[in-house]
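Notes follow the structure.
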Amino acid sequence: MSQQVWAAQALESFDAVVSATEGFRSRAGQRLMAEQVARTFSSATLGKVDEESGEAAPTRSIAVIQAGTGVGKSLAYCAPAIALALSRGTRVLISTATVALQEQLVNKDLPALAALLPQPFKFALAKGRGRYVCKLKLDRLAGTGEAEEEADDDLFAEEEAAARAKRPRHETEARMQFYSSMAQTLSKGAWDGDRDSLDTPPEPEVWSPVAAEGASCTGKHCPAFSQCTYYDKRKELVGAQVIVANHDLLLSSLGARVLPELDNCLLVLDEAHHLPATALDQFACSMDLSRITWIERLSSRGLRIGALLEVEEIADIPKHSAQLRQTLQDLARIVMDVYGAQLKSQPSAWGPARVRVPRGELPEQLIAPLGLLAASAEGFLDALRAISKALRAEMRDKPDEAKRLSTLYAQIGMLAPRLEELHATAQLLLQDAPEGAVPAAKWFTLEVDGDFIVVKAHASPILPGTTLRNHLWSAVRGAVLTSATLTSCGHFDFFLREAGLHGDEATTTLEVPSPFNYAAQGTLIAAETRADPKNAAQFTTEMVDALLHDIARVEYGALVLFTSREQMRQAVDALPTAMRSVVLVQNALPRTQLLKRHRERVENGEPSVIFGMQSFGEGLDLPGRLCESVFITKLPFAPPDDPVGEARAEWLRAVGRDPFSELVVPATAIRLAQWVGRAIRTEEDMAHVYCYDKRLTRTSYGQRLLKGLPPFALEQRAPL
């Protein structure tokens, strides 16, 4: 079948769904997006291509689509993509940044589409392994509430040991009861083993000991394999034509065969503006130079298990183990010799003290120990791989001993990832950037944990585009990236560079405007202060006064967005008694409970104002009266002390470029557009957006930021 026929049929499917959906309003922008999706996915070459035998090189096809709020993105990509996948005998992989959108797709959008498309299809949600319970771990913990016996279980990290020792008896008993109850519910079939489906998902420190992990999993050799939630879910993925995942899982599982192969599926990246930051997080690494007793435990386990299996490679484990411990101690000492004064002079109230290595050029005295560390870690890892290989062979040959062997495998697997992280961090720290090349960001942190001083080393790439180009786009054939905020200051260039697609001939862009009449539906009020926002103390005082004056007039729902916890704290402290019952503060309640209370108040005709930060500035859907006003306390510039951002700005300046204009302003434009986007959610909404930062209208870069915002009616207000 030709590309044109595939595209035409996909578009027909989209049109049929729109006409069959009762009360659905046809939108020109939505159809324009659907056309681009159909064109993009029909022209991509999928599957293996043998160029040596004369086959043409595969055609890559990537579309970057900004679709404004109200366009109806999910239908515009789902309907044509799924129809095309069914025609071409392939699958659709949809990746999102937030759980909320995943749930919307799996619980609402895809079931509705499945009821309307003539050809049936199955869909499934893919989550990381750690979202599911490990039945073996749960069974061991259900009787004790803790995992303490080395012979039977995985040991906790030193950093958790002190907390465990201090835990009150009643808390330990409560945890025992919790694990026991969880095991019973699982065995009765009343719970599916998914952390997110528990009535109250447990805190990470409670969940972590029972979470499934790749490093300690023996797969089909595990005695609990037939009852394993994670592998049951994997089976669902195999039979599904549409898989919903997230950006973290997509990037962390590259090459791991957890998700469909990227050269043989149709990839949709929704909330794509998050992709660059996710890439940096995925490829950053760190190592603890202070808490190192786990190395001795890993060594003793490796020797004991390797001897049982007669693995010859274990002979060098004691040497590698001793070398690692000594080298980490040496590194911690050298770091404190070189950077200790700077680290100790920083206030500890705002998290670990941090010092970045300028230009990524490590002091000479750190180079040799890091080289030794990398070599020792690599040798140790080789020995562990030999042990793991022998264990898997033993499990295959002795299925009756699967439980004992699985426990041995887990004992090594629980600690091996730390060794892998040591190796990766040492390698990235040692990476020297040739003349003109981009250096990695490198920094050290210091924090006090009780009486213990913890020194850590960190490293990260600084250009997400390069990372994505090398690891993701080299494998992808057909992709659509979409979001309401992909242009910055009116252009796609910034996002294309960040996402690694700038200059890629396979990439096309499309901007689909929102159907909303922003000029008639909303007003942007530039409410100035006398103080310069750079003068934080004076500005915050003035801003809070103006904010309290404005929120006192809120009749229904409103959202106030802050750029720092300190700023929000000062606003909360300044609330008059009468207003305190109206305000809901982020983290005072779990997010779902806070939003539920907000909705209840507004539905009862009462005013309700949410105070929140960045995570409330996007992905929050509060239509109509739930959010009639959005208050932006200050332009949302990224924190100035981010070491990756600092390293990148330093590199840009070194090559004669302006980081503020090239990096800071475009990134702020996307963030600000997201924040402003909380105001108008439907074609009937009427809303006001207040911004108290006079730089928005008084500076040249502020004018650039304004170009990236919806065309609200602009109203300027002098200081109160």
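The way I read the labels, and the way they are meant: chains A, B, ... in the order of the structure tokens, residue 1 as the first residue of every chain, and ligand 1 as the first ligand shown, with later ones counted on from there.
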So that I can see what lies close to Ala571 in chain A, please list as a PDB file with N, CA and C atoms, in the first residue's frame the residues with an atom at most 10 Å from it, counting only C-alpha atoms and leaving out residues fewer than 6 positions away in the same chain.
ATOM      1  N   THR A 540       9.569  41.274  47.348  1.00  0.00           N
ATOM      2  CA  THR A 540       8.617  40.320  47.928  1.00  0.00           C
ATOM      3  C   THR A 540       7.646  41.016  48.865  1.00  0.00           C
ATOM      4  N   THR A 541       8.139  41.954  49.653  1.00  0.00           N
ATOM      5  CA  THR A 541       7.260  42.695  50.567  1.00  0.00           C
ATOM      6  C   THR A 541       6.176  43.427  49.784  1.00  0.00           C
ATOM      7  N   MET A 543       5.244  42.899  46.614  1.00  0.00           N
ATOM      8  CA  MET A 543       4.430  41.960  45.847  1.00  0.00           C
ATOM      9  C   MET A 543       3.372  41.312  46.726  1.00  0.00           C
ATOM     10  N   VAL A 544       3.742  40.907  47.938  1.00  0.00           N
ATOM     11  CA  VAL A 544       2.789  40.256  48.843  1.00  0.00           C
ATOM     12  C   VAL A 544       1.644  41.206  49.188  1.00  0.00           C
ATOM     13  N   ASP A 545       1.970  42.484  49.416  1.00  0.00           N
ATOM     14  CA  ASP A 545       0.906  43.465  49.707  1.00  0.00           C
ATOM     15  C   ASP A 545      -0.082  43.546  48.544  1.00  0.00           C
ATOM     16  N   LEU A 547      -0.558  41.302  46.173  1.00  0.00           N
ATOM     17  CA  LEU A 547      -1.227  40.011  46.020  1.00  0.00           C
ATOM     18  C   LEU A 547      -2.395  39.872  46.992  1.00  0.00           C
ATOM     19  N   LEU A 548      -2.167  40.208  48.250  1.00  0.00           N
ATOM     20  CA  LEU A 548      -3.236  40.092  49.250  1.00  0.00           C
ATOM     21  C   LEU A 548      -4.405  41.013  48.907  1.00  0.00           C
ATOM     22  N   PHE A 562       4.230  30.658  42.815  1.00  0.00           N
ATOM     23  CA  PHE A 562       5.423  31.256  43.404  1.00  0.00           C
ATOM     24  C   PHE A 562       6.674  30.656  42.766  1.00  0.00           C
ATOM     25  N   ARG A 565      10.118  28.616  47.665  1.00  0.00           N
ATOM     26  CA  ARG A 565       9.415  28.274  48.908  1.00  0.00           C
ATOM     27  C   ARG A 565       9.421  29.447  49.881  1.00  0.00           C
ATOM     28  N   PHE A 611      -2.203  28.133  46.723  1.00  0.00           N
ATOM     29  CA  PHE A 611      -0.830  28.627  46.671  1.00  0.00           C
ATOM     30  C   PHE A 611       0.056  27.460  46.226  1.00  0.00           C
TER      31      PHE A 611
END
Which neighbours of Gly612 in chain A fall inside 8 Å, counting only C-alpha atoms, when residues of the same chain fewer than 6 positions from it are skipped, and could you give them as a short mmCIF file (atom, residue, chain, number, x, y, z; two decimals) with N, CA, C and O atoms, in the first residue's frame?
data_model
loop_
_atom_site.label_atom_id
_atom_site.label_comp_id
_atom_site.auth_asym_id
_atom_site.auth_seq_id
_atom_site.Cartn_x
_atom_site.Cartn_y
_atom_site.Cartn_z
N LEU A 559 -5.51 30.58 41.41
CA LEU A 559 -4.23 29.88 41.57
C LEU A 559 -3.13 30.93 41.67
O LEU A 559 -3.02 31.80 40.81
N VAL A 560 -2.32 30.84 42.74
CA VAL A 560 -1.18 31.73 42.90
C VAL A 560 0.09 30.89 42.73
O VAL A 560 0.26 29.88 43.43
N LEU A 561 0.97 31.31 41.81
CA LEU A 561 2.18 30.55 41.53
C LEU A 561 3.41 31.32 41.99
O LEU A 561 3.62 32.48 41.61
N PHE A 562 4.23 30.66 42.82
CA PHE A 562 5.42 31.26 43.40
C PHE A 562 6.67 30.66 42.77
O PHE A 562 6.66 29.52 42.28
N MET A 568 6.78 31.91 48.96
CA MET A 568 5.45 31.42 49.33
C MET A 568 5.26 31.48 50.84
O MET A 568 4.18 31.84 51.32
N VAL A 585 -2.52 25.58 50.71
CA VAL A 585 -1.10 25.68 50.41
C VAL A 585 -0.55 24.32 49.95
O VAL A 585 -0.79 23.30 50.60
N GLN A 586 0.18 24.34 48.82
CA GLN A 586 0.80 23.11 48.31
C GLN A 586 1.61 22.42 49.41
O GLN A 586 2.32 23.07 50.16
#
List the neighbours of Phe660 in chain A out to 10 Å using only C-alpha atoms; skip same-chain residues closer than 6 positions along the sequence, and give me the result as an NGL selection string.
:A and (649 or 652-653 or 666-667 or 701)
Extract, using only C-alpha atoms, all DNA, RNA and protein residues at most 8 Å from Gly302 in chain A, discarding same-chain residues fewer than 4 positions from it, and format them as a PyMOL selection string.
chain A and resi 298+306+314+317+384+387+412
Those residues you just picked out, can you put them in a file as a PDB file, in the first residue's frame with C-alpha atoms?
ATOM      1  CA  LEU A 298      29.165  -6.824  48.159  1.00  0.00           C
ATOM      2  CA  GLY A 306      31.252 -17.237  43.547  1.00  0.00           C
ATOM      3  CA  ILE A 314      36.336 -14.018  41.954  1.00  0.00           C
ATOM      4  CA  ILE A 317      37.487  -9.363  44.174  1.00  0.00           C
ATOM      5  CA  LEU A 384      30.050  -9.958  39.307  1.00  0.00           C
ATOM      6  CA  ILE A 387      28.912 -14.819  39.007  1.00  0.00           C
ATOM      7  CA  ILE A 412      24.366  -9.410  44.665  1.00  0.00           C
TER       8      ILE A 412
END
Based on DSSP run over this structure's backbone, return all residues of range 497-627 of chain A in helix (DSSP H, G or I), as an MDAnalysis selection string.
chainID A and resid 497:498 518:521 536:551 565:574 577:580 591:603 614:616 624:627
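Relative to CA of Arg129 in chain A, CA of Leu463 in chain A is found at 28.1 Å.
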Just the residues within 9 Å of Leu266 in chain A, please, counting only C-alpha atoms, with nothing from its chain fewer than 6 positions along; format it as a VMD selection string.
chain A and resid 41 44 46 81 to 82 84 to 85 90 to 94 476 to 480
Taking into account only C-alpha atoms, which residue in the set A:Ser42, A:Gln365, A:Gln716, A:Thr577 is nearest to Ser87 in chain A?
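Going through A:Ser42, A:Gln365, A:Gln716, A:Thr577 one by one, the smallest distance to Ser87 in chain A is for A:Ser42.
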Can you pull out the residues contacting range 424-426 of chain A? Cut-off 7 Å, using only C-alpha atoms, and skip same-chain residues under 3 positions away; I want them as a ChimeraX atom specification.
/A:285-287,370,373-374,420-421,429-430,458-459
Generate the output file for the selected residues, all heavy atoms, as a PDB file, in the first residue's frame.
ATOM      1  N   CYS A 285      24.870  11.325  36.643  1.00  0.00           N
ATOM      2  CA  CYS A 285      25.218  10.270  37.600  1.00  0.00           C
ATOM      3  C   CYS A 285      25.936  10.875  38.812  1.00  0.00           C
ATOM      4  O   CYS A 285      26.426  12.005  38.760  1.00  0.00           O
ATOM      5  CB  CYS A 285      26.081   9.190  36.948  1.00  0.00           C
ATOM      6  SG  CYS A 285      27.475   9.812  36.007  1.00  0.00           S
ATOM      7  N   SER A 286      25.965  10.120  39.893  1.00  0.00           N
ATOM      8  CA  SER A 286      26.623  10.601  41.109  1.00  0.00           C
ATOM      9  C   SER A 286      27.123   9.416  41.917  1.00  0.00           C
ATOM     10  O   SER A 286      26.660   8.282  41.732  1.00  0.00           O
ATOM     11  CB  SER A 286      25.658  11.446  41.950  1.00  0.00           C
ATOM     12  OG  SER A 286      24.585  10.660  42.413  1.00  0.00           O
ATOM     13  N   MET A 287      28.072   9.690  42.834  1.00  0.00           N
ATOM     14  CA  MET A 287      28.566   8.619  43.714  1.00  0.00           C
ATOM     15  C   MET A 287      28.865   9.199  45.092  1.00  0.00           C
ATOM     16  O   MET A 287      29.301  10.347  45.232  1.00  0.00           O
ATOM     17  CB  MET A 287      29.804   7.945  43.122  1.00  0.00           C
ATOM     18  CG  MET A 287      30.996   8.843  42.895  1.00  0.00           C
ATOM     19  SD  MET A 287      32.378   7.899  42.176  1.00  0.00           S
ATOM     20  CE  MET A 287      33.563   9.212  41.856  1.00  0.00           C
ATOM     21  N   LEU A 370      40.680   8.910  40.425  1.00  0.00           N
ATOM     22  CA  LEU A 370      39.473   8.586  39.661  1.00  0.00           C
ATOM     23  C   LEU A 370      39.756   7.512  38.611  1.00  0.00           C
ATOM     24  O   LEU A 370      38.928   6.632  38.366  1.00  0.00           O
ATOM     25  CB  LEU A 370      38.917   9.848  38.980  1.00  0.00           C
ATOM     26  CG  LEU A 370      38.102  10.775  39.881  1.00  0.00           C
ATOM     27  CD1 LEU A 370      37.851  12.115  39.190  1.00  0.00           C
ATOM     28  CD2 LEU A 370      36.777  10.131  40.282  1.00  0.00           C
ATOM     29  N   LEU A 373      39.880   4.315  40.463  1.00  0.00           N
ATOM     30  CA  LEU A 373      38.516   3.946  40.848  1.00  0.00           C
ATOM     31  C   LEU A 373      37.784   3.303  39.673  1.00  0.00           C
ATOM     32  O   LEU A 373      37.145   2.251  39.829  1.00  0.00           O
ATOM     33  CB  LEU A 373      37.762   5.198  41.317  1.00  0.00           C
ATOM     34  CG  LEU A 373      36.345   4.967  41.847  1.00  0.00           C
ATOM     35  CD1 LEU A 373      36.383   4.367  43.243  1.00  0.00           C
ATOM     36  CD2 LEU A 373      35.559   6.268  41.870  1.00  0.00           C
ATOM     37  N   ALA A 374      37.869   3.922  38.498  1.00  0.00           N
ATOM     38  CA  ALA A 374      37.181   3.387  37.317  1.00  0.00           C
ATOM     39  C   ALA A 374      37.698   1.991  36.970  1.00  0.00           C
ATOM     40  O   ALA A 374      36.920   1.080  36.660  1.00  0.00           O
ATOM     41  CB  ALA A 374      37.370   4.333  36.131  1.00  0.00           C
ATOM     42  N   GLU A 420      27.951  -0.024  39.585  1.00  0.00           N
ATOM     43  CA  GLU A 420      27.801   0.476  38.222  1.00  0.00           C
ATOM     44  C   GLU A 420      27.771   2.004  38.208  1.00  0.00           C
ATOM     45  O   GLU A 420      28.346   2.647  37.322  1.00  0.00           O
ATOM     46  CB  GLU A 420      26.519  -0.092  37.598  1.00  0.00           C
ATOM     47  CG  GLU A 420      26.607  -1.587  37.311  1.00  0.00           C
ATOM     48  CD  GLU A 420      25.262  -2.200  36.989  1.00  0.00           C
ATOM     49  OE1 GLU A 420      24.236  -1.497  37.144  1.00  0.00           O
ATOM     50  OE2 GLU A 420      25.228  -3.380  36.584  1.00  0.00           O
ATOM     51  N   GLU A 421      27.098   2.589  39.199  1.00  0.00           N
ATOM     52  CA  GLU A 421      27.021   4.053  39.288  1.00  0.00           C
ATOM     53  C   GLU A 421      28.395   4.655  39.592  1.00  0.00           C
ATOM     54  O   GLU A 421      28.765   5.693  39.053  1.00  0.00           O
ATOM     55  CB  GLU A 421      26.001   4.450  40.367  1.00  0.00           C
ATOM     56  CG  GLU A 421      25.649   5.917  40.373  1.00  0.00           C
ATOM     57  CD  GLU A 421      24.699   6.332  39.257  1.00  0.00           C
ATOM     58  OE1 GLU A 421      24.377   5.495  38.388  1.00  0.00           O
ATOM     59  OE2 GLU A 421      24.303   7.493  39.243  1.00  0.00           O
ATOM     60  N   LEU A 429      33.355  11.907  35.033  1.00  0.00           N
ATOM     61  CA  LEU A 429      34.219  12.910  35.661  1.00  0.00           C
ATOM     62  C   LEU A 429      35.574  12.994  34.956  1.00  0.00           C
ATOM     63  O   LEU A 429      36.160  14.067  34.832  1.00  0.00           O
ATOM     64  CB  LEU A 429      34.429  12.578  37.144  1.00  0.00           C
ATOM     65  CG  LEU A 429      33.263  12.881  38.089  1.00  0.00           C
ATOM     66  CD1 LEU A 429      33.499  12.228  39.450  1.00  0.00           C
ATOM     67  CD2 LEU A 429      33.058  14.382  38.263  1.00  0.00           C
ATOM     68  N   LEU A 430      36.057  11.862  34.484  1.00  0.00           N
ATOM     69  CA  LEU A 430      37.368  11.823  33.825  1.00  0.00           C
ATOM     70  C   LEU A 430      37.318  12.311  32.379  1.00  0.00           C
ATOM     71  O   LEU A 430      38.360  12.554  31.765  1.00  0.00           O
ATOM     72  CB  LEU A 430      37.919  10.391  33.841  1.00  0.00           C
ATOM     73  CG  LEU A 430      38.475   9.905  35.180  1.00  0.00           C
ATOM     74  CD1 LEU A 430      38.671   8.397  35.151  1.00  0.00           C
ATOM     75  CD2 LEU A 430      39.789  10.612  35.513  1.00  0.00           C
ATOM     76  N   HIS A 458      29.411  14.405  41.479  1.00  0.00           N
ATOM     77  CA  HIS A 458      28.335  14.378  40.482  1.00  0.00           C
ATOM     78  C   HIS A 458      28.874  14.771  39.109  1.00  0.00           C
ATOM     79  O   HIS A 458      29.813  15.562  38.999  1.00  0.00           O
ATOM     80  CB  HIS A 458      27.232  15.379  40.855  1.00  0.00           C
ATOM     81  CG  HIS A 458      26.739  15.265  42.261  1.00  0.00           C
ATOM     82  ND1 HIS A 458      25.538  14.672  42.589  1.00  0.00           N
ATOM     83  CD2 HIS A 458      27.272  15.696  43.437  1.00  0.00           C
ATOM     84  CE1 HIS A 458      25.369  14.740  43.913  1.00  0.00           C
ATOM     85  NE2 HIS A 458      26.413  15.345  44.437  1.00  0.00           N
ATOM     86  N   ALA A 459      28.232  14.255  38.067  1.00  0.00           N
ATOM     87  CA  ALA A 459      28.582  14.644  36.701  1.00  0.00           C
ATOM     88  C   ALA A 459      27.351  14.512  35.820  1.00  0.00           C
ATOM     89  O   ALA A 459      26.482  13.663  36.064  1.00  0.00           O
ATOM     90  CB  ALA A 459      29.722  13.777  36.166  1.00  0.00           C
TER      91      ALA A 459
END
Residue set, range 177-331 of chain A restricted to strand (DSSP E), as an MDAnalysis selection string:
chainID A and resid 242:246 265:269 285:288
Produce a file of the selected residues containing N, CA and C atoms, as a PDB file, in the first residue's frame.
ATOM      1  N   VAL A 242      -1.283  -0.563  21.189  1.00  0.00           N
ATOM      2  CA  VAL A 242      -0.983   0.797  21.673  1.00  0.00           C
ATOM      3  C   VAL A 242      -0.435   0.695  23.092  1.00  0.00           C
ATOM      4  N   ILE A 243       0.735   1.247  23.303  1.00  0.00           N
ATOM      5  CA  ILE A 243       1.362   1.209  24.624  1.00  0.00           C
ATOM      6  C   ILE A 243       1.590   2.640  25.100  1.00  0.00           C
ATOM      7  N   VAL A 244       1.173   2.920  26.324  1.00  0.00           N
ATOM      8  CA  VAL A 244       1.361   4.237  26.935  1.00  0.00           C
ATOM      9  C   VAL A 244       2.466   4.123  27.971  1.00  0.00           C
ATOM     10  N   ALA A 245       3.494   4.950  27.842  1.00  0.00           N
ATOM     11  CA  ALA A 245       4.626   4.928  28.779  1.00  0.00           C
ATOM     12  C   ALA A 245       4.934   6.358  29.196  1.00  0.00           C
ATOM     13  N   ASN A 246       6.082   6.559  29.836  1.00  0.00           N
ATOM     14  CA  ASN A 246       6.503   7.933  30.134  1.00  0.00           C
ATOM     15  C   ASN A 246       7.931   8.148  29.644  1.00  0.00           C
ATOM     16  N   CYS A 265       8.117   1.041  15.167  1.00  0.00           N
ATOM     17  CA  CYS A 265       6.847   1.455  15.764  1.00  0.00           C
ATOM     18  C   CYS A 265       6.645   2.941  15.476  1.00  0.00           C
ATOM     19  N   LEU A 266       5.449   3.429  15.764  1.00  0.00           N
ATOM     20  CA  LEU A 266       5.119   4.850  15.605  1.00  0.00           C
ATOM     21  C   LEU A 266       5.181   5.490  16.988  1.00  0.00           C
ATOM     22  N   LEU A 267       6.065   6.445  17.157  1.00  0.00           N
ATOM     23  CA  LEU A 267       6.320   7.040  18.469  1.00  0.00           C
ATOM     24  C   LEU A 267       5.654   8.404  18.586  1.00  0.00           C
ATOM     25  N   VAL A 268       4.849   8.575  19.637  1.00  0.00           N
ATOM     26  CA  VAL A 268       4.252   9.877  19.945  1.00  0.00           C
ATOM     27  C   VAL A 268       4.799  10.342  21.285  1.00  0.00           C
ATOM     28  N   LEU A 269       5.362  11.535  21.305  1.00  0.00           N
ATOM     29  CA  LEU A 269       5.846  12.120  22.557  1.00  0.00           C
ATOM     30  C   LEU A 269       4.944  13.301  22.895  1.00  0.00           C
ATOM     31  N   CYS A 285      24.870  11.325  36.643  1.00  0.00           N
ATOM     32  CA  CYS A 285      25.218  10.270  37.600  1.00  0.00           C
ATOM     33  C   CYS A 285      25.936  10.875  38.812  1.00  0.00           C
ATOM     34  N   SER A 286      25.965  10.120  39.893  1.00  0.00           N
ATOM     35  CA  SER A 286      26.623  10.601  41.109  1.00  0.00           C
ATOM     36  C   SER A 286      27.123   9.416  41.917  1.00  0.00           C
ATOM     37  N   MET A 287      28.072   9.690  42.834  1.00  0.00           N
ATOM     38  CA  MET A 287      28.566   8.619  43.714  1.00  0.00           C
ATOM     39  C   MET A 287      28.865   9.199  45.092  1.00  0.00           C
ATOM     40  N   ASP A 288      28.607   8.389  46.102  1.00  0.00           N
ATOM     41  CA  ASP A 288      28.848   8.746  47.499  1.00  0.00           C
ATOM     42  C   ASP A 288      30.284   8.359  47.845  1.00  0.00           C
TER      43      ASP A 288
END
Length of the CA of Ser43 in chain A to CA of Arg25 in chain A vector [Å]:
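So the answer is 29.2 Å.
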Which residue is closest to Glu683 in chain A? Choose from A:Arg580, A:Pro515, A:Arg27, A:Pro461 and count only C-alpha atoms.
A:Pro515
Counting only C-alpha atoms, closest pick from A:Ala531, A:Ile62, A:Leu117, A:Met176 relative to Ala20 in chain A is A:Leu117
Could you jot down the CA of Arg597 in chain A to CA of Asp573 in chain A separation for me, Å, one decimal place?
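These two atoms are separated by 21.4 Å.
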